[in-house]
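Below is the file query06.csv, which contains CSV, N, CA, C and O atoms.
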```
chain,number,residue,atom,x,y,z
A,1,TYR,N,130.6,114.7,82.6
A,1,TYR,CA,130.1,114.9,84.0
A,1,TYR,C,130.1,113.6,84.7
A,1,TYR,O,130.4,113.5,85.9
A,2,GLN,N,129.7,112.5,84.0
A,2,GLN,CA,129.6,111.2,84.7
A,2,GLN,C,131.0,110.8,85.2
A,2,GLN,O,131.0,110.3,86.4
A,3,ASN,N,132.0,110.9,84.5
A,3,ASN,CA,133.3,110.5,84.9
A,3,ASN,C,133.8,111.3,86.1
A,3,ASN,O,134.7,110.9,86.8
A,4,GLU,N,133.3,112.6,86.2
A,4,GLU,CA,133.7,113.4,87.3
A,4,GLU,C,132.8,113.3,88.5
A,4,GLU,O,133.0,114.0,89.5
A,5,LYS,N,131.9,112.3,88.4
A,5,LYS,CA,131.0,112.0,89.5
A,5,LYS,C,130.0,113.2,89.8
A,5,LYS,O,129.5,113.3,90.9
A,6,ASP,N,129.8,114.0,88.8
A,6,ASP,CA,128.9,115.1,88.9
A,6,ASP,C,127.5,114.5,88.3
A,6,ASP,O,127.1,114.8,87.2
A,7,PHE,N,126.9,113.7,89.1
A,7,PHE,CA,125.8,112.9,88.6
A,7,PHE,C,124.6,113.8,88.3
A,7,PHE,O,123.8,113.5,87.4
A,8,ASP,N,124.4,114.9,89.1
A,8,ASP,CA,123.2,115.7,88.8
A,8,ASP,C,123.3,116.3,87.4
A,8,ASP,O,122.3,116.3,86.6
A,9,ASN,N,124.4,116.9,87.0
A,9,ASN,CA,124.6,117.4,85.7
A,9,ASN,C,124.5,116.4,84.6
A,9,ASN,O,124.0,116.6,83.5
A,10,ALA,N,125.1,115.2,84.9
A,10,ALA,CA,125.1,114.1,83.9
A,10,ALA,C,123.6,113.7,83.6
A,10,ALA,O,123.2,113.5,82.5
A,11,ILE,N,122.9,113.5,84.7
A,11,ILE,CA,121.5,113.1,84.6
A,11,ILE,C,120.7,114.1,83.8
A,11,ILE,O,119.9,113.8,83.0
A,12,ASP,N,120.9,115.4,84.1
A,12,ASP,CA,120.2,116.5,83.4
A,12,ASP,C,120.5,116.4,81.9
A,12,ASP,O,119.6,116.5,81.1
A,13,LEU,N,121.8,116.2,81.5
A,13,LEU,CA,122.1,116.1,80.1
A,13,LEU,C,121.5,114.9,79.5
A,13,LEU,O,121.0,115.0,78.3
A,14,TYR,N,121.5,113.7,80.1
A,14,TYR,CA,120.9,112.5,79.6
A,14,TYR,C,119.4,112.8,79.4
A,14,TYR,O,118.8,112.3,78.4
A,15,ASN,N,118.8,113.4,80.4
A,15,ASN,CA,117.3,113.7,80.3
A,15,ASN,C,117.0,114.6,79.0
A,15,ASN,O,116.1,114.3,78.3
A,16,LYS,N,117.9,115.5,78.8
A,16,LYS,CA,117.7,116.4,77.6
A,16,LYS,C,117.9,115.6,76.3
A,16,LYS,O,117.1,115.8,75.4
A,17,VAL,N,118.9,114.8,76.3
A,17,VAL,CA,119.1,114.0,75.1
A,17,VAL,C,117.9,113.1,74.8
A,17,VAL,O,117.4,112.9,73.7
A,18,ILE,N,117.4,112.4,75.9
A,18,ILE,CA,116.3,111.5,75.8
A,18,ILE,C,115.0,112.3,75.3
A,18,ILE,O,114.3,111.8,74.5
A,19,ALA,N,114.8,113.5,75.8
A,19,ALA,CA,113.7,114.3,75.5
A,19,ALA,C,113.7,114.8,74.0
A,19,ALA,O,112.7,114.8,73.3
A,20,ILE,N,114.9,115.1,73.6
A,20,ILE,CA,115.0,115.6,72.2
A,20,ILE,C,114.8,114.5,71.2
A,20,ILE,O,114.0,114.6,70.3
A,21,ASP,N,115.6,113.4,71.3
A,21,ASP,CA,115.5,112.3,70.4
A,21,ASP,C,116.3,111.1,70.9
A,21,ASP,O,117.5,111.1,70.8
A,22,PRO,N,115.6,110.2,71.5
A,22,PRO,CA,116.3,109.1,72.1
A,22,PRO,C,117.0,108.2,71.1
A,22,PRO,O,117.9,107.5,71.5
A,23,LYS,N,116.6,108.3,69.9
A,23,LYS,CA,117.3,107.5,68.8
A,23,LYS,C,118.7,108.0,68.5
A,23,LYS,O,119.5,107.2,68.0
A,24,THR,N,118.9,109.2,68.7
A,24,THR,CA,120.3,109.8,68.4
A,24,THR,C,121.3,109.2,69.3
A,24,THR,O,122.4,108.9,68.9
A,25,PHE,N,121.0,108.9,70.5
A,25,PHE,CA,121.9,108.4,71.5
A,25,PHE,C,121.2,107.3,72.3
A,25,PHE,O,120.7,107.4,73.4
A,26,PRO,N,121.2,106.1,71.7
A,26,PRO,CA,120.3,105.0,72.2
A,26,PRO,C,120.7,104.5,73.6
A,26,PRO,O,119.9,104.0,74.4
A,27,ASP,N,122.0,104.8,74.0
A,27,ASP,CA,122.4,104.3,75.3
A,27,ASP,C,122.2,105.4,76.4
A,27,ASP,O,122.5,105.2,77.6
A,28,ALA,N,121.5,106.5,76.1
A,28,ALA,CA,121.3,107.5,77.1
A,28,ALA,C,120.5,107.0,78.3
A,28,ALA,O,120.9,107.4,79.4
A,29,LYS,N,119.5,106.2,78.0
A,29,LYS,CA,118.7,105.7,79.2
A,29,LYS,C,119.6,104.8,80.1
A,29,LYS,O,119.5,104.9,81.3
A,30,LYS,N,120.4,104.0,79.5
A,30,LYS,CA,121.3,103.1,80.3
A,30,LYS,C,122.3,103.9,81.1
A,30,LYS,O,122.5,103.7,82.3
A,31,PHE,N,122.9,104.9,80.4
A,31,PHE,CA,123.9,105.8,81.2
A,31,PHE,C,123.2,106.6,82.2
A,31,PHE,O,123.7,106.8,83.3
A,32,ARG,N,122.0,107.1,82.0
A,32,ARG,CA,121.2,107.8,83.0
A,32,ARG,C,120.9,107.0,84.2
A,32,ARG,O,121.1,107.4,85.3
A,33,LEU,N,120.5,105.7,83.9
A,33,LEU,CA,120.2,104.8,85.0
A,33,LEU,C,121.5,104.5,85.8
A,33,LEU,O,121.5,104.5,87.1
A,34,ALA,N,122.6,104.4,85.1
A,34,ALA,CA,123.9,104.2,85.8
A,34,ALA,C,124.2,105.4,86.8
A,34,ALA,O,124.7,105.2,87.9
A,35,CYS,N,124.0,106.6,86.3
A,35,CYS,CA,124.2,107.8,87.1
A,35,CYS,C,123.3,107.8,88.3
A,35,CYS,O,123.7,108.1,89.4
A,36,LEU,N,122.0,107.4,88.1
A,36,LEU,CA,121.1,107.4,89.2
A,36,LEU,C,121.5,106.4,90.2
A,36,LEU,O,121.4,106.6,91.5
A,37,GLU,N,121.9,105.2,89.8
A,37,GLU,CA,122.4,104.2,90.7
A,37,GLU,C,123.6,104.6,91.5
A,37,GLU,O,123.7,104.4,92.7
A,38,SER,N,124.5,105.3,90.8
A,38,SER,CA,125.7,105.8,91.5
A,38,SER,C,125.4,106.9,92.5
A,38,SER,O,126.0,106.9,93.6
A,39,LYS,N,124.4,107.7,92.2
A,39,LYS,CA,124.0,108.8,93.1
A,39,LYS,C,123.3,108.2,94.3
A,39,LYS,O,123.5,108.7,95.4
A,40,ALA,N,122.5,107.1,94.1
A,40,ALA,CA,121.8,106.5,95.2
A,40,ALA,C,122.7,105.6,96.1
A,40,ALA,O,122.3,105.2,97.2
A,41,ALA,N,123.8,105.1,95.5
A,41,ALA,CA,124.6,104.1,96.2
A,41,ALA,C,125.0,104.4,97.6
A,41,ALA,O,124.9,103.5,98.5
A,42,PRO,N,125.5,105.6,97.9
A,42,PRO,CA,125.9,105.9,99.3
A,42,PRO,C,124.7,105.8,100.2
A,42,PRO,O,124.9,105.4,101.4
A,43,ILE,N,123.6,106.3,99.8
A,43,ILE,CA,122.4,106.3,100.6
A,43,ILE,C,121.9,104.8,100.9
A,43,ILE,O,121.6,104.4,102.0
A,44,THR,N,122.0,104.0,99.8
A,44,THR,CA,121.6,102.6,99.9
A,44,THR,C,122.6,101.9,100.9
A,44,THR,O,122.2,101.1,101.7
A,45,ASP,N,123.9,102.2,100.7
A,45,ASP,CA,124.9,101.6,101.6
A,45,ASP,C,124.6,101.9,103.1
A,45,ASP,O,124.7,101.1,104.0
A,46,ASP,N,124.2,103.2,103.3
A,46,ASP,CA,123.8,103.7,104.7
A,46,ASP,C,122.6,102.9,105.2
A,46,ASP,O,122.6,102.5,106.3
A,47,ALA,N,121.7,102.7,104.3
A,47,ALA,CA,120.4,102.0,104.7
A,47,ALA,C,120.8,100.5,105.1
A,47,ALA,O,120.2,100.0,106.1
A,48,VAL,N,121.6,99.9,104.3
A,48,VAL,CA,122.0,98.5,104.7
A,48,VAL,C,122.7,98.5,106.0
A,48,VAL,O,122.4,97.6,106.9
A,49,LYS,N,123.6,99.4,106.3
A,49,LYS,CA,124.3,99.5,107.6
A,49,LYS,C,123.3,99.7,108.7
A,49,LYS,O,123.4,99.1,109.8
A,50,LYS,N,122.4,100.6,108.5
A,50,LYS,CA,121.4,100.8,109.6
A,50,LYS,C,120.5,99.6,109.8
A,50,LYS,O,120.2,99.3,110.9
A,51,PHE,N,120.1,98.9,108.7
A,51,PHE,CA,119.3,97.7,108.9
A,51,PHE,C,120.1,96.7,109.6
A,51,PHE,O,119.6,96.0,110.6
A,52,GLN,N,121.3,96.4,109.3
A,52,GLN,CA,122.2,95.4,110.0
A,52,GLN,C,122.4,95.8,111.4
A,52,GLN,O,122.6,94.9,112.3
A,53,ALA,N,122.4,97.1,111.8
A,53,ALA,CA,122.6,97.5,113.1
A,53,ALA,C,121.2,97.5,113.9
A,53,ALA,O,121.2,97.8,115.1
A,54,GLY,N,120.2,97.2,113.2
A,54,GLY,CA,118.9,97.1,113.9
A,54,GLY,C,118.1,98.4,113.9
A,54,GLY,O,117.1,98.5,114.6
A,55,ASP,N,118.6,99.4,113.2
A,55,ASP,CA,117.9,100.7,113.1
A,55,ASP,C,117.0,100.6,111.9
A,55,ASP,O,117.3,101.2,110.9
A,56,PHE,N,115.9,99.9,112.1
A,56,PHE,CA,115.0,99.7,111.0
A,56,PHE,C,114.3,100.9,110.5
A,56,PHE,O,114.1,101.1,109.3
A,57,ALA,N,113.9,101.8,111.4
A,57,ALA,CA,113.3,103.1,111.0
A,57,ALA,C,114.3,104.0,110.2
A,57,ALA,O,113.9,104.6,109.2
A,58,GLY,N,115.5,104.0,110.7
A,58,GLY,CA,116.5,104.7,109.9
A,58,GLY,C,116.8,104.1,108.6
A,58,GLY,O,117.0,104.8,107.6
A,59,ALA,N,116.8,102.8,108.5
A,59,ALA,CA,117.0,102.1,107.2
A,59,ALA,C,115.8,102.4,106.3
A,59,ALA,O,116.1,102.7,105.1
A,60,ALA,N,114.6,102.4,106.8
A,60,ALA,CA,113.4,102.7,106.0
A,60,ALA,C,113.5,104.1,105.4
A,60,ALA,O,113.2,104.3,104.2
A,61,ALA,N,113.9,105.0,106.3
A,61,ALA,CA,114.0,106.4,105.8
A,61,ALA,C,115.1,106.6,104.7
A,61,ALA,O,114.9,107.3,103.7
A,62,ALA,N,116.2,105.9,104.8
A,62,ALA,CA,117.3,105.9,103.8
A,62,ALA,C,116.8,105.3,102.5
A,62,ALA,O,117.1,105.8,101.4
A,63,TYR,N,116.1,104.1,102.6
A,63,TYR,CA,115.6,103.5,101.4
A,63,TYR,C,114.6,104.4,100.7
A,63,TYR,O,114.6,104.5,99.5
A,64,LYS,N,113.8,105.1,101.5
A,64,LYS,CA,112.8,106.0,100.8
A,64,LYS,C,113.6,107.1,100.1
A,64,LYS,O,113.1,107.6,99.0
A,65,GLN,N,114.6,107.6,100.7
A,65,GLN,CA,115.4,108.7,100.1
A,65,GLN,C,116.1,108.1,98.8
A,65,GLN,O,116.1,108.8,97.8
A,66,ALA,N,116.6,106.9,98.8
A,66,ALA,CA,117.2,106.3,97.6
A,66,ALA,C,116.1,106.1,96.5
A,66,ALA,O,116.4,106.4,95.3
A,67,ILE,N,114.9,105.8,96.9
A,67,ILE,CA,113.8,105.6,95.9
A,67,ILE,C,113.5,106.9,95.3
A,67,ILE,O,113.1,106.9,94.1
A,68,GLN,N,113.6,108.0,96.0
A,68,GLN,CA,113.3,109.3,95.4
A,68,GLN,C,114.3,109.6,94.3
A,68,GLN,O,114.0,110.3,93.4
A,69,ILE,N,115.5,109.2,94.5
A,69,ILE,CA,116.6,109.4,93.5
A,69,ILE,C,116.4,108.5,92.3
A,69,ILE,O,116.6,108.9,91.2
A,70,MET,N,116.0,107.3,92.6
A,70,MET,CA,115.8,106.3,91.5
A,70,MET,C,114.4,105.8,91.4
A,70,MET,O,114.1,104.7,91.7
A,71,PRO,N,113.5,106.6,90.8
A,71,PRO,CA,112.1,106.2,90.7
A,71,PRO,C,111.9,105.3,89.4
A,71,PRO,O,110.9,105.3,88.9
A,72,GLU,N,112.9,104.6,89.0
A,72,GLU,CA,112.9,103.8,87.8
A,72,GLU,C,112.2,102.4,88.2
A,72,GLU,O,112.3,102.0,89.3
A,73,PRO,N,111.7,101.8,87.2
A,73,PRO,CA,111.2,100.5,87.4
A,73,PRO,C,112.2,99.4,87.7
A,73,PRO,O,111.9,98.3,88.2
A,74,ASP,N,113.5,99.8,87.5
A,74,ASP,CA,114.6,98.8,87.7
A,74,ASP,C,115.1,98.8,89.2
A,74,ASP,O,116.1,98.1,89.5
A,75,ASN,N,114.4,99.4,90.1
A,75,ASN,CA,114.9,99.5,91.4
A,75,ASN,C,114.0,98.7,92.4
A,75,ASN,O,113.8,99.0,93.5
A,76,ALA,N,113.5,97.6,91.9
A,76,ALA,CA,112.6,96.7,92.7
A,76,ALA,C,113.3,96.3,94.0
A,76,ALA,O,112.6,96.2,95.1
A,77,SER,N,114.6,96.1,94.0
A,77,SER,CA,115.3,95.7,95.2
A,77,SER,C,115.2,96.8,96.3
A,77,SER,O,115.2,96.4,97.5
A,78,LEU,N,115.2,98.0,95.9
A,78,LEU,CA,115.0,99.1,96.9
A,78,LEU,C,113.6,99.0,97.6
A,78,LEU,O,113.5,99.1,98.8
A,79,TYR,N,112.6,98.7,96.8
A,79,TYR,CA,111.3,98.6,97.4
A,79,TYR,C,111.2,97.3,98.3
A,79,TYR,O,110.6,97.3,99.3
A,80,THR,N,111.8,96.3,97.9
A,80,THR,CA,111.9,95.0,98.7
A,80,THR,C,112.6,95.3,100.0
A,80,THR,O,112.1,94.9,101.1
A,81,SER,N,113.7,96.0,99.9
A,81,SER,CA,114.5,96.3,101.2
A,81,SER,C,113.7,97.2,102.1
A,81,SER,O,113.7,97.1,103.3
A,82,LEU,N,113.0,98.2,101.5
A,82,LEU,CA,112.1,99.1,102.2
A,82,LEU,C,111.1,98.3,103.0
A,82,LEU,O,110.8,98.5,104.1
A,83,GLY,N,110.4,97.4,102.2
A,83,GLY,CA,109.4,96.6,102.9
A,83,GLY,C,109.9,95.8,104.0
A,83,GLY,O,109.3,95.7,105.1
A,84,SER,N,111.1,95.2,103.9
A,84,SER,CA,111.8,94.5,105.0
A,84,SER,C,112.0,95.3,106.2
A,84,SER,O,111.8,94.9,107.3
A,85,ALA,N,112.5,96.5,105.9
A,85,ALA,CA,112.8,97.5,107.0
A,85,ALA,C,111.5,97.9,107.7
A,85,ALA,O,111.5,97.9,109.0
A,86,LEU,N,110.5,98.2,107.0
A,86,LEU,CA,109.2,98.5,107.6
A,86,LEU,C,108.6,97.4,108.4
A,86,LEU,O,108.0,97.6,109.5
A,87,GLN,N,108.7,96.2,107.8
A,87,GLN,CA,108.1,95.0,108.5
A,87,GLN,C,108.9,94.7,109.8
A,87,GLN,O,108.3,94.3,110.8
A,88,SER,N,110.2,95.0,109.8
A,88,SER,CA,111.0,94.7,111.0
A,88,SER,C,110.9,95.8,112.1
A,88,SER,O,111.2,95.5,113.2
A,89,SER,N,110.4,96.9,111.7
A,89,SER,CA,110.3,98.0,112.7
A,89,SER,C,109.1,97.9,113.6
A,89,SER,O,108.2,97.2,113.3
```

Do you think you could lay out the structure here as structure tokens?
Amino acid sequence: YQNEKDFDNAIDLYNKVIAIDPKTFPDAKKFRLACLESKAAPITDDAVKKFQAGDFAGAAAAYKQAIQIMPEPDNASLYTSLGSALQSS
């Protein structure tokens, strides 16, 4: 699924593998995170474009949407960018 850019199904399968036995497929968390990042990338790109255009409210909304997709601790940059957008608006 991941190679076909069907990130929702890939994420679902990785979640199932992790829930059953994460030791069976130790890279499942890494691959799941890669899928989440790929799924959030177009939204993050849109947020950056909105921020650069001065649409800080639109950028903040897009960053919030990306955070909903990637609620991982590895997405600190999204929270930082959200903070910048909110502070600028």

Which polymer residues, protein or nucleic acid, are no farther than 12 Å from (122.8, 107.8, 92.4), counting only C-alpha atoms, as a PyMOL selection string? chain A and resi 2+5-11+31-45+65-72+75

Atomic separation - atom C of Ala28 (chain A) relative to CA of Thr80 (chain A), Å: 25.2 Å

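Among the residues of region 14-45 of chain A, backbone DSSP assigns helix (DSSP H, G or I) to Tyr14, Asn15, Lys16, Val17, Ile18, Ala19, Ile20, Ala28, Lys29, Lys30, Phe31, Arg32, Leu33, Ala34, Cys35, Leu36, Glu37, Ser38, Lys39, Ala40, Ala41, Pro42, Ile43, Thr44 and Asp45 of chain A.
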
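Considering all atoms listed in the file, the residue among A:Thr24, A:Asn3, A:Asn15, A:Ser81 positioned nearest to Phe51 (chain A) is A:Ser81.
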
Give me, please, the distance in Å between atom O of Ala61 (chain A) and atom O of Lys29 (chain A), quoted to one decimal. 23.0 Å

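CA of Asp46 (chain A) to CA of Asp74 (chain A) spans 19.9 Å [interatomic distance, one decimal].
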
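Using only C-alpha atoms, the protein and nucleic acid residues lying no more than 8 Å from Phe56 (chain A), apart from those fewer than 3 places from it along its own chain, are Lys50, Phe51, Ala59, Ala60, Ala85, Leu86, Ser88 and Ser89 of chain A.
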